[in-house]
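Engineer: Have a peek at query_15.txt (compact mmCIF, C-alpha atoms and all ligand atoms).
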# COMPACT_ATOMS: atom_id res chain seq x y z
CA MET A 1 151.61 -62.07 188.33
CA ARG A 2 150.71 -63.66 191.68
CA PHE A 3 150.62 -67.36 192.49
CA GLU A 4 147.04 -68.22 193.49
CA PRO A 5 146.88 -71.96 194.23
CA PHE A 6 143.49 -72.00 195.95
CA THR A 7 141.11 -70.72 193.24
CA ASP A 8 138.58 -73.29 191.96
CA ALA A 9 140.29 -73.27 188.56
CA ALA A 10 143.75 -73.87 190.08
CA LEU A 11 142.48 -76.66 192.31
CA ALA A 12 140.92 -78.44 189.34
CA ASP A 13 143.98 -77.87 187.13
CA PRO A 14 147.00 -75.98 188.51
CA TYR A 15 149.19 -76.59 185.46
CA PRO A 16 148.23 -73.58 183.26
CA GLN A 17 149.14 -71.25 186.13
CA TYR A 18 152.48 -73.02 186.65
CA ALA A 19 153.19 -72.69 182.91
CA ALA A 20 152.50 -68.95 182.99
CA LEU A 21 154.67 -68.40 186.09
CA ARG A 22 157.46 -70.58 184.70
CA VAL A 23 157.79 -68.00 181.92
CA ALA A 24 156.88 -64.78 183.73
CA ASP A 25 158.50 -65.28 187.15
CA PRO A 26 160.06 -68.74 187.59
CA VAL A 27 161.56 -67.93 191.00
CA HIS A 28 158.55 -66.28 192.54
CA TRP A 29 158.16 -64.66 195.96
CA SER A 30 154.68 -65.38 197.30
CA GLU A 31 153.73 -62.94 200.04
CA LYS A 32 150.67 -65.03 200.83
CA LEU A 33 152.70 -68.22 201.37
CA ARG A 34 155.72 -66.27 202.65
CA ALA A 35 157.99 -68.45 200.53
CA TRP A 36 160.00 -68.53 197.33
CA VAL A 37 158.25 -70.80 194.84
CA LEU A 38 160.32 -72.46 192.10
CA PHE A 39 158.66 -73.55 188.84
CA ARG A 40 161.48 -74.64 186.50
CA TYR A 41 162.82 -78.20 186.30
CA ASP A 42 166.49 -77.14 186.26
CA ASP A 43 166.13 -74.84 189.27
CA VAL A 44 164.18 -77.47 191.25
CA VAL A 45 166.73 -80.20 190.46
CA ALA A 46 169.66 -77.94 191.38
CA ALA A 47 168.00 -77.05 194.70
CA LEU A 48 167.14 -80.69 195.53
CA LYS A 49 170.78 -81.65 194.97
CA ASP A 50 172.21 -78.81 197.04
CA ASP A 51 172.09 -79.69 200.75
CA VAL A 52 174.55 -76.94 201.60
CA ARG A 53 172.62 -73.96 200.32
CA PHE A 54 169.14 -75.38 200.89
CA SER A 55 168.27 -77.11 204.13
CA ALA A 56 165.42 -79.55 204.67
CA ASP A 57 165.34 -78.65 208.35
CA ARG A 58 162.38 -76.33 208.73
CA ARG A 59 163.48 -75.25 212.17
CA ARG A 60 166.05 -73.09 210.40
CA ALA A 61 163.39 -70.86 208.88
CA SER A 62 163.43 -67.34 210.24
CA ARG A 63 160.07 -66.71 208.62
CA PRO A 64 158.23 -70.03 208.50
CA SER A 65 156.20 -70.34 205.33
CA ARG A 66 152.43 -70.47 205.61
CA ALA A 67 152.13 -73.36 203.20
CA GLY A 68 150.69 -76.61 204.40
CA ALA A 69 153.90 -78.65 204.33
CA ASP A 70 154.85 -76.97 207.56
CA ALA A 71 151.81 -78.42 209.26
CA ALA A 72 153.92 -81.53 209.79
CA PRO A 73 155.12 -80.79 213.29
CA ALA A 74 158.84 -80.80 212.81
CA ALA A 75 159.54 -83.16 215.67
CA ALA A 76 157.84 -86.05 213.93
CA LEU A 77 160.17 -85.82 210.98
CA ARG A 78 163.24 -84.58 212.80
CA THR A 79 165.29 -87.69 212.18
CA VAL A 80 164.72 -87.68 208.46
CA ALA A 81 164.16 -84.00 207.77
CA SER A 82 167.60 -83.02 208.95
CA ASP A 83 170.69 -82.21 206.93
CA PRO A 84 173.75 -84.38 206.41
CA PRO A 85 175.63 -85.61 208.35
CA ASP A 86 172.76 -85.65 210.94
CA GLY A 87 170.16 -88.15 209.87
CA LEU A 88 172.43 -89.92 207.38
CA ALA A 89 172.70 -92.97 209.61
CA VAL A 90 168.94 -92.98 210.24
CA ARG A 91 168.24 -92.81 206.54
CA ALA A 92 170.73 -95.57 205.74
CA LEU A 93 169.28 -97.75 208.50
CA LEU A 94 165.73 -97.09 207.34
CA ASN A 95 166.60 -97.99 203.77
CA ALA A 96 168.43 -101.13 204.87
CA ALA A 97 165.45 -102.22 206.97
CA LEU A 98 162.85 -101.33 204.32
CA VAL A 99 164.34 -103.17 201.35
CA PRO A 100 163.88 -106.78 202.62
CA ARG A 101 160.60 -105.92 204.35
CA VAL A 102 159.11 -104.34 201.22
CA ARG A 103 160.15 -107.38 199.20
CA ALA A 104 158.48 -109.68 201.73
CA VAL A 105 155.28 -107.63 201.73
CA GLY A 106 154.96 -107.73 197.90
CA PRO A 107 152.66 -110.77 197.71
CA ARG A 108 150.49 -109.33 200.51
CA ILE A 109 149.81 -106.26 198.35
CA ASP A 110 148.21 -108.51 195.70
CA ALA A 111 146.08 -110.11 198.40
CA ILE A 112 145.03 -106.79 200.00
CA VAL A 113 144.06 -105.30 196.61
CA ALA A 114 142.11 -108.46 195.76
CA GLU A 115 140.29 -108.31 199.13
CA LEU A 116 139.42 -104.63 198.74
CA LEU A 117 138.13 -105.10 195.20
CA ALA A 118 136.15 -108.20 196.14
CA GLU A 119 134.28 -106.04 198.67
CA LEU A 120 133.29 -103.70 195.81
CA ALA A 121 132.52 -106.22 193.13
CA GLY A 122 128.75 -106.40 193.75
CA ARG A 123 128.30 -102.63 193.48
CA HIS A 124 127.57 -100.60 190.39
CA GLU A 125 129.05 -97.24 191.40
CA VAL A 126 131.76 -96.55 193.97
CA ASP A 127 134.00 -93.73 195.16
CA LEU A 128 137.51 -94.91 194.25
CA VAL A 129 139.01 -92.63 196.93
CA ALA A 130 136.90 -93.57 199.95
CA ASP A 131 136.06 -97.13 198.96
CA PHE A 132 139.44 -98.24 197.68
CA ALA A 133 142.49 -95.95 197.53
CA HIS A 134 142.29 -94.87 201.17
CA ALA A 135 142.33 -98.34 202.59
CA LEU A 136 145.32 -99.68 200.66
CA PRO A 137 148.45 -97.87 201.96
CA ILE A 138 147.29 -97.92 205.59
CA ARG A 139 146.75 -101.68 205.40
CA VAL A 140 150.14 -102.11 203.74
CA ILE A 141 151.95 -100.05 206.41
CA ALA A 142 150.13 -102.01 209.13
CA GLU A 143 151.42 -105.13 207.39
CA LEU A 144 155.00 -103.76 207.20
CA LEU A 145 154.92 -103.04 210.93
CA ASP A 146 153.00 -106.22 211.68
CA VAL A 147 150.38 -104.34 213.71
CA PRO A 148 148.33 -107.06 215.47
CA GLU A 149 144.88 -107.68 213.98
CA PRO A 150 142.79 -106.41 216.94
CA GLU A 151 144.67 -103.07 216.90
CA ARG A 152 144.36 -102.43 213.18
CA ASP A 153 141.20 -100.31 213.30
CA ARG A 154 142.69 -97.98 215.89
CA PHE A 155 145.98 -97.82 213.99
CA GLN A 156 144.16 -97.03 210.75
CA ALA A 157 142.05 -94.30 212.37
CA LEU A 158 145.16 -92.62 213.82
CA SER A 159 147.04 -92.87 210.53
CA ARG A 160 144.16 -91.22 208.73
CA THR A 161 143.99 -88.29 211.15
CA ILE A 162 147.69 -87.67 210.71
CA ALA A 163 147.74 -88.09 206.95
CA ARG A 164 144.77 -85.76 206.53
CA GLY A 165 146.36 -83.09 208.69
CA MET A 166 149.45 -82.76 206.50
CA ASP A 167 147.99 -80.04 204.35
CA ARG A 168 146.26 -77.97 206.99
CA LEU A 169 147.67 -74.80 208.40
CA TYR A 170 150.08 -74.80 211.26
CA GLY A 171 149.08 -76.14 214.67
CA SER A 172 146.03 -78.19 213.87
CA ASP A 173 144.89 -79.74 217.15
CA ASP A 174 143.73 -83.09 215.93
CA VAL A 175 147.04 -83.62 214.15
CA SER A 176 149.11 -82.86 217.23
CA SER A 177 146.99 -85.03 219.48
CA GLY A 178 146.95 -87.74 216.79
CA LEU A 179 150.72 -87.54 216.65
CA ARG A 180 151.04 -87.86 220.39
CA GLU A 181 148.73 -90.84 220.35
CA ILE A 182 150.46 -92.61 217.49
CA GLY A 183 153.84 -91.85 219.12
CA ALA A 184 152.59 -93.48 222.32
CA TYR A 185 151.28 -96.40 220.29
CA PHE A 186 154.63 -96.93 218.55
CA LEU A 187 156.47 -96.65 221.84
CA GLU A 188 154.33 -99.49 223.14
CA LEU A 189 154.93 -101.51 219.97
CA VAL A 190 158.71 -100.97 220.17
CA GLY A 191 158.61 -102.09 223.81
CA THR A 192 156.86 -105.35 222.97
CA ARG A 193 159.05 -106.04 219.92
CA ALA A 194 162.33 -105.41 221.70
CA ASP A 195 162.13 -108.75 223.48
CA ALA A 196 160.30 -110.73 220.83
CA GLY A 197 161.51 -112.43 217.65
CA GLY A 198 160.03 -111.81 214.20
CA ASP A 199 160.99 -110.01 211.03
CA ASP A 200 158.59 -107.06 211.00
CA LEU A 201 159.91 -103.57 210.24
CA VAL A 202 160.03 -102.48 213.90
CA ARG A 203 162.25 -105.47 214.69
CA GLN A 204 164.39 -104.76 211.60
CA LEU A 205 164.78 -101.11 212.61
CA LEU A 206 165.80 -102.09 216.13
CA ASP A 207 168.35 -104.56 214.78
CA ALA A 208 169.69 -102.63 211.77
CA GLU A 209 173.30 -101.57 211.95
CA HIS A 210 175.22 -99.08 209.81
CA HIS A 211 178.93 -98.53 210.47
CA GLY A 212 178.41 -99.58 214.06
CA ASP A 213 175.41 -97.23 214.52
CA ARG A 214 172.06 -98.43 215.75
CA LEU A 215 168.75 -96.62 216.24
CA ALA A 216 167.64 -95.81 219.76
CA PRO A 217 164.07 -96.90 220.56
CA LEU A 218 162.85 -93.29 220.34
CA GLU A 219 164.40 -92.96 216.90
CA VAL A 220 162.54 -96.09 215.84
CA VAL A 221 159.31 -94.45 217.08
CA ALA A 222 160.08 -91.27 215.10
CA THR A 223 160.91 -93.30 212.00
CA CYS A 224 157.66 -95.29 212.19
CA THR A 225 155.73 -92.03 212.55
CA ALA A 226 157.56 -90.60 209.53
CA LEU A 227 156.49 -93.63 207.50
CA VAL A 228 152.84 -93.07 208.38
CA PHE A 229 153.25 -89.38 207.53
CA GLY A 230 155.12 -89.90 204.29
CA GLY A 231 153.52 -93.03 202.98
CA ASN A 232 149.77 -92.63 203.26
CA GLU A 233 148.18 -89.70 201.55
CA THR A 234 150.89 -89.66 198.85
CA THR A 235 150.07 -93.21 197.80
CA VAL A 236 146.30 -92.63 197.99
CA ASN A 237 146.76 -89.63 195.71
CA LEU A 238 148.98 -91.46 193.25
CA ILE A 239 146.32 -94.15 192.80
CA ALA A 240 143.35 -91.75 192.62
CA ASN A 241 144.99 -88.97 190.55
CA GLY A 242 146.45 -91.66 188.32
CA MET A 243 143.17 -93.47 187.72
CA LEU A 244 141.49 -90.14 186.94
CA ALA A 245 144.24 -89.30 184.42
CA LEU A 246 143.78 -92.68 182.73
CA LEU A 247 139.98 -92.42 182.66
CA ARG A 248 140.31 -89.00 181.03
CA HIS A 249 142.68 -90.37 178.37
CA PRO A 250 140.81 -93.36 176.90
CA ALA A 251 143.38 -93.97 174.15
CA GLU A 252 146.20 -94.29 176.71
CA LEU A 253 143.97 -96.43 178.92
CA ALA A 254 143.29 -98.74 175.96
CA ARG A 255 147.03 -99.05 175.19
CA LEU A 256 147.63 -100.05 178.80
CA ARG A 257 144.83 -102.63 178.81
CA ASP A 258 146.16 -104.14 175.57
CA ASP A 259 149.73 -104.33 176.82
CA PRO A 260 150.12 -104.88 180.58
CA SER A 261 153.92 -104.82 180.19
CA LEU A 262 153.44 -101.03 180.05
CA VAL A 263 152.23 -100.90 183.68
CA PRO A 264 155.64 -99.93 185.21
CA SER A 265 156.24 -97.10 182.73
CA ALA A 266 152.59 -96.03 183.06
CA VAL A 267 152.99 -95.68 186.84
CA GLU A 268 156.09 -93.50 186.37
CA GLU A 269 154.08 -91.38 183.95
CA LEU A 270 151.22 -91.07 186.46
CA VAL A 271 153.69 -89.86 189.10
CA ARG A 272 154.95 -87.28 186.60
CA TYR A 273 151.61 -86.23 185.14
CA ASP A 274 149.81 -85.35 188.37
CA THR A 275 152.46 -85.57 191.09
CA PRO A 276 151.04 -86.31 194.56
CA PRO A 277 153.32 -83.90 196.46
CA GLN A 278 153.40 -80.85 194.19
CA PHE A 279 155.97 -79.05 196.34
CA VAL A 280 158.68 -79.92 198.87
CA SER A 281 159.95 -77.35 201.29
CA ARG A 282 163.43 -76.09 202.05
CA VAL A 283 165.02 -73.24 203.97
CA VAL A 284 167.82 -71.07 202.55
CA ALA A 285 170.99 -71.89 204.53
CA THR A 286 173.46 -69.73 202.59
CA ARG A 287 172.61 -66.39 200.99
CA CYS A 288 172.49 -67.01 197.25
CA GLU A 289 171.04 -66.03 193.90
CA VAL A 290 168.64 -68.22 191.95
CA ALA A 291 167.85 -66.88 188.48
CA ASP A 292 167.99 -63.13 189.19
CA LYS A 293 166.56 -63.28 192.73
CA VAL A 294 168.51 -62.92 195.96
CA LEU A 295 167.51 -65.47 198.60
CA GLU A 296 168.36 -64.62 202.20
CA VAL A 297 169.33 -67.05 204.96
CA GLY A 298 166.21 -68.29 206.74
CA ASP A 299 163.85 -67.69 203.78
CA SER A 300 161.37 -70.51 203.15
CA MET A 301 161.23 -72.17 199.75
CA LEU A 302 158.74 -74.39 197.96
CA LEU A 303 160.41 -76.45 195.25
CA GLY A 304 157.80 -77.21 192.63
CA ILE A 305 158.27 -80.86 191.77
CA GLY A 306 154.77 -80.92 190.22
CA PRO A 307 155.58 -77.85 188.09
CA ALA A 308 159.05 -79.26 187.23
CA ASN A 309 157.44 -82.47 185.98
CA ARG A 310 155.54 -80.44 183.34
CA ASP A 311 158.46 -78.28 182.19
CA PRO A 312 158.64 -78.32 178.36
CA ALA A 313 162.41 -77.70 178.56
CA THR A 314 162.75 -81.28 179.89
CA PHE A 315 159.63 -83.17 178.78
CA ALA A 316 158.36 -83.33 175.19
CA GLU A 317 154.64 -82.51 175.14
CA PRO A 318 154.55 -82.25 178.94
CA ASP A 319 150.76 -81.89 179.16
CA GLN A 320 150.16 -85.13 177.24
CA LEU A 321 149.76 -88.36 179.19
CA ASN A 322 151.98 -90.99 177.53
CA VAL A 323 152.02 -94.39 179.25
CA SER A 324 155.20 -95.42 177.43
CA ARG A 325 157.10 -92.15 177.92
CA ALA A 326 160.89 -92.69 177.77
CA PRO A 327 163.04 -91.22 179.05
CA ASN A 328 161.03 -89.98 182.01
CA PRO A 329 163.35 -88.20 184.46
CA HIS A 330 160.52 -86.99 186.73
CA VAL A 331 161.31 -85.79 190.24
CA GLY A 332 158.04 -86.94 191.80
CA PHE A 333 159.90 -88.93 194.46
CA GLY A 334 162.44 -86.17 195.04
CA LEU A 335 166.17 -86.47 194.41
CA GLY A 336 169.42 -86.75 196.32
CA THR A 337 169.69 -87.02 200.10
CA HIS A 338 165.96 -86.95 200.79
CA PHE A 339 164.90 -89.17 197.87
CA CYS A 340 161.77 -90.99 199.00
CA PRO A 341 162.69 -94.19 200.86
CA GLY A 342 159.16 -95.50 200.17
CA ALA A 343 159.37 -95.10 196.38
CA GLN A 344 159.67 -98.83 195.69
CA LEU A 345 156.75 -99.63 197.95
CA ALA A 346 154.59 -96.89 196.43
CA ARG A 347 155.42 -98.14 192.92
CA MET A 348 154.47 -101.70 193.87
CA GLU A 349 151.16 -100.60 195.38
CA ALA A 350 150.28 -98.42 192.39
CA ARG A 351 151.20 -101.10 189.84
CA VAL A 352 149.06 -103.72 191.54
CA ALA A 353 146.17 -101.28 192.12
CA VAL A 354 146.08 -99.98 188.53
CA SER A 355 146.57 -103.31 186.79
CA THR A 356 144.05 -105.14 188.98
CA LEU A 357 141.41 -102.40 188.62
CA LEU A 358 141.78 -102.49 184.82
CA SER A 359 141.71 -106.25 184.52
CA ARG A 360 138.84 -106.79 186.97
CA PHE A 361 136.64 -104.02 185.67
CA PRO A 362 137.03 -103.84 181.89
CA CYS A 363 134.21 -101.28 181.58
CA LEU A 364 135.39 -98.88 184.30
CA THR A 365 134.24 -95.29 183.55
CA LEU A 366 133.84 -91.97 185.35
CA ALA A 367 130.43 -91.63 186.99
CA GLY A 368 130.47 -87.90 187.77
CA GLU A 369 132.70 -84.93 188.41
CA PRO A 370 135.73 -85.65 190.60
CA VAL A 371 136.04 -83.41 193.68
CA TRP A 372 139.50 -82.01 194.55
CA ARG A 373 140.62 -81.38 198.11
CA ARG A 374 141.42 -77.72 198.87
CA THR A 375 145.16 -78.33 199.11
CA MET A 376 148.22 -77.16 197.22
CA ILE A 377 151.02 -79.37 198.57
CA LEU A 378 149.46 -82.81 198.59
CA ARG A 379 147.37 -82.70 195.44
CA GLY A 380 144.58 -85.20 195.72
CA LEU A 381 140.92 -86.01 195.28
CA GLU A 382 138.23 -86.03 197.92
CA HIS A 383 135.91 -88.08 195.70
CA LEU A 384 136.34 -90.00 192.47
CA PRO A 385 132.98 -91.50 191.47
CA VAL A 386 133.30 -94.38 189.01
CA ARG A 387 131.01 -96.95 187.44
CA LEU A 388 132.47 -100.43 187.71
CA HIS A 389 130.31 -102.33 185.24
C1 LIG A 401 153.21 -92.05 195.60
C2 LIG A 401 153.80 -92.18 196.72
C3 LIG A 401 154.90 -91.30 197.23
C4 LIG A 401 155.44 -90.14 196.72
C5 LIG A 401 155.07 -89.44 195.42
C6 LIG A 401 156.47 -89.71 197.65
C7 LIG A 401 157.27 -88.59 197.46
C8 LIG A 401 158.27 -88.19 198.33
C9 LIG A 401 159.13 -87.06 198.10
C10 LIG A 401 159.06 -86.10 196.93
C11 LIG A 401 160.01 -86.99 199.13
C12 LIG A 401 161.16 -86.00 199.29
C13 LIG A 401 160.81 -84.86 200.22
C14 LIG A 401 161.90 -83.82 200.24
O1 LIG A 401 162.80 -83.81 199.38
O2 LIG A 401 161.84 -82.98 201.15
C15 LIG A 401 159.67 -88.09 200.04
C16 LIG A 401 160.30 -88.32 201.24
C17 LIG A 401 159.91 -89.30 202.12
N1 LIG A 401 159.00 -90.32 201.87
FE1 LIG A 401 157.87 -90.54 200.23
N2 LIG A 401 156.52 -90.60 198.70
C18 LIG A 401 155.60 -91.59 198.48
C19 LIG A 401 155.38 -92.70 199.26
C20 LIG A 401 156.05 -92.99 200.41
C21 LIG A 401 155.90 -94.20 201.19
C22 LIG A 401 155.00 -95.38 200.80
C23 LIG A 401 156.68 -94.05 202.29
C24 LIG A 401 156.91 -95.00 203.43
C25 LIG A 401 156.61 -96.24 203.51
C26 LIG A 401 157.34 -92.77 202.21
C27 LIG A 401 158.20 -92.26 203.16
C28 LIG A 401 158.93 -91.10 203.00
C29 LIG A 401 159.84 -90.56 204.03
C30 LIG A 401 160.10 -91.14 205.41
C31 LIG A 401 160.46 -89.43 203.47
C32 LIG A 401 161.50 -88.50 204.13
C33 LIG A 401 162.86 -88.87 203.60
C34 LIG A 401 163.98 -87.92 204.03
O3 LIG A 401 163.71 -86.77 204.40
O4 LIG A 401 165.14 -88.34 203.98
N3 LIG A 401 156.95 -92.16 201.05
N4 LIG A 401 158.62 -88.81 199.51
Reformat the file's structure so that it appears as structure tokens.
Structural biologist:
Amino acid sequence: MRFEPFTDAALADPYPQYAALRVADPVHWSEKLRAWVLFRYDDVVAALKDDVRFSADRRRASRPSRAGADAAPAAALRTVASDPPDGLAVRALLNAALVPRVRAVGPRIDAIVAELLAELAGRHEVDLVADFAHALPIRVIAELLDVPEPERDRFQALSRTIARGMDRLYGSDDVSSGLREIGAYFLELVGTRADAGGDDLVRQLLDAEHHGDRLAPLEVVATCTALVFGGNETTVNLIANGMLALLRHPAELARLRDDPSLVPSAVEELVRYDTPPQFVSRVVATRCEVADKVLEVGDSMLLGIGPANRDPATFAEPDQLNVSRAPNPHVGFGLGTHFCPGAQLARMEARVAVSTLLSRFPCLTLAGEPVWRRTMILRGLEHLPVRLH
């Protein structure tokens, strides 16, 4: 059986195909993607935890995979997508700088969501992707970095080009030129912040110290770019995929409306149920066997975190949405060294977005067929038409 992620049926619902492959060929060589694709929870978790055998540094691939994850020009993510001990200091510094900044930005998320929804309130039907979900994470990242008001439109346009390019095939021109432009923009920003006070993330990254290490200005630029890369489309997709899942499960939606204390566990369940990044990529660094397959050094791998999150060996009734699921050991934010540094921020944004949408629009319903983007890595909607009233 071959893995065919781009058929109309698979784009609308990839999970039946994952279930079949999990049984028939759980460590699957895809000639089309030129990568090993892993479908079982235990195999995915073992690979995520094993930095020695499986490298996150795509430059080590002897046969780069053709899957979209590799469209992220490696340079942009070099500081974070490297293996220990390289990148450990950067990651520690990023986490140290993000924690207080994310806490400080919390109340602004409420205000941004309120502003965005106020703009929609007079309308009967809207596209939750274009009219709401897309605007939120970009505005929040602009807030984290304290991008000055007059530059926000340009910043948001650049962020969108980059985020959208993530899932295209290698060497997309507008992504590379967008990257150059946003790199130049961040370089400028770092230059102005170096001599100024303030507590924005750029300043925090410049000042952060870990065992005597500090980030060089160019590393701060790369880190800011990685945040725009990692934090945009993923969060848009969590909100849109999540709202679609809730609208298609009215009983679960009603439970959540009746008991808002379920919002945090509901958001974890939405990450599990329709995971925004369905796959993360690795390169085999040491020849090894997984299940009964031999993986050679330099082979590309796609670890199915979306497939793992529906594995019946780990999750009872994996295809059921359950807003109070416990335990819920999903791997939607990854695991181990590369665990998503933006997870807390993404959770905050999704909690505020979902709870405010439900409380403000008690009669929210689907207004037509959702349209999926033609992507396999970053699973997300192009359009989600809803009726607000
Ligand atoms: C729903 C939202 C999000 C999801 C599901 C998500 C998921 C992930 C996953 C699975 C990884 C691990 C990749 C790997 O193992 O190779 C990751 C890494 C990363 N994420 Fe997120 N992410 C989200 C939001 C964010 C946000 C808001 C930010 C930034 C503000 C962010 C920044 C990053 C960065 C920089 C990395 C690379 C970390 C490293 O390689 O050490 N993400 N994310």
Engineer: Please compute the CA of Gly242 in chain A-CA of Cys363 in chain A distance, one decimal, in Å.
Structural biologist: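 Interatomic distance here is 17.0 Å.
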Engineer: With only C-alpha atoms as the basis for distance, which of A:Thr314, A:Ser176, A:Asn241, A:Ser261 is at the shortest distance from Leu128 in chain A?
Structural biologist: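 Closest residue, counting only C-alpha atoms: A:Asn241.
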Engineer: Using only C-alpha atoms - which residues lie no farther than 10 Å from the point (165.4, -96.9, 206.9) in the file's frame? Write them as a compact mmCIF listing (two decimals) with C-alpha atoms, in the coordinates of the input.
Structural biologist:
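Writing done, so here's out.txt:
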# COMPACT_ATOMS: atom_id res chain seq x y z
CA VAL A 80 164.72 -87.68 208.46
CA LEU A 88 172.43 -89.92 207.38
CA ALA A 89 172.70 -92.97 209.61
CA VAL A 90 168.94 -92.98 210.24
CA ARG A 91 168.24 -92.81 206.54
CA ALA A 92 170.73 -95.57 205.74
CA LEU A 93 169.28 -97.75 208.50
CA LEU A 94 165.73 -97.09 207.34
CA ASN A 95 166.60 -97.99 203.77
CA ALA A 96 168.43 -101.13 204.87
CA ALA A 97 165.45 -102.22 206.97
CA LEU A 98 162.85 -101.33 204.32
CA VAL A 99 164.34 -103.17 201.35
CA LEU A 201 159.91 -103.57 210.24
CA GLN A 204 164.39 -104.76 211.60
CA LEU A 205 164.78 -101.11 212.61
CA ALA A 208 169.69 -102.63 211.77
CA LEU A 215 168.75 -96.62 216.24
CA VAL A 220 162.54 -96.09 215.84
CA THR A 223 160.91 -93.30 212.00
CA CYS A 224 157.66 -95.29 212.19
CA LEU A 227 156.49 -93.63 207.50
CA PRO A 341 162.69 -94.19 200.86
CA GLY A 342 159.16 -95.50 200.17
Engineer: What lies within 10 Å of Glu31 in chain A using all atoms listed in the file, ignoring chain neighbours under 4 positions off, as a list in words?
Structural biologist: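 Here the answer would be Arg2, Phe3, Ala35, Trp36, Ser65 and Arg66 of chain A.
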Engineer: Counting all atoms listed in the file, which residue out of A:Trp29, A:Phe186, A:Phe361, A:Phe132 sits closest to Lys293 in chain A?
Structural biologist: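 Checking each candidate against Lys293 in chain A, we get A:Trp29 as the closest.
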Engineer: As a ChimeraX atom specification, please: the residues near Asn232 in chain A (cut-off 10 Å, all atoms listed in the file, same-chain neighbours under 5 positions excluded).
Structural biologist: /A:133-141,159-160,162-164,227,237,346
Engineer: Using only C-alpha atoms and a cutoff of 10 Å, can you tell me which residues are near (138.7, -104.0, 193.3) in the file's coordinates, and write them out as a ChimeraX atom specification?
Structural biologist: /A:112-121,128,131-133,353-354,356-361,388
Engineer: Using all atoms listed in the file for the distances, tell me which of A:Pro26, A:Pro264, A:Pro14, A:Pro100 is nearest to Met376 in chain A.
Structural biologist: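 That would be A:Pro14, the residue with the smallest distance to Met376 in chain A.
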Engineer: Hey, which of A:Glu382, A:Glu268, A:Glu219, A:Asp299 ends up closest to Ala326 in chain A? Count all atoms listed in the file.
Structural biologist: A:Glu268
Engineer: Using all atoms listed in the file, can you tell me which of A:His338, A:Lys49, A:His124, A:Arg387 comes closest to ligand LIG 401 (chain A)?
Structural biologist: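 That would be A:His338, the residue with the smallest distance to ligand LIG 401 (chain A).
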Engineer: To box range 153-160 of chain A, take all atoms listed in the file, fit an axis-aligned box, add 6 Å on each side, and give centre and edge lengths in Å to one decimal, as lines of an AutoDock Vina configuration file.
Structural biologist:
center_x = 144.1
center_y = -95.8
center_z = 212.3
size_x = 17.8
size_y = 21.1
size_z = 19.2
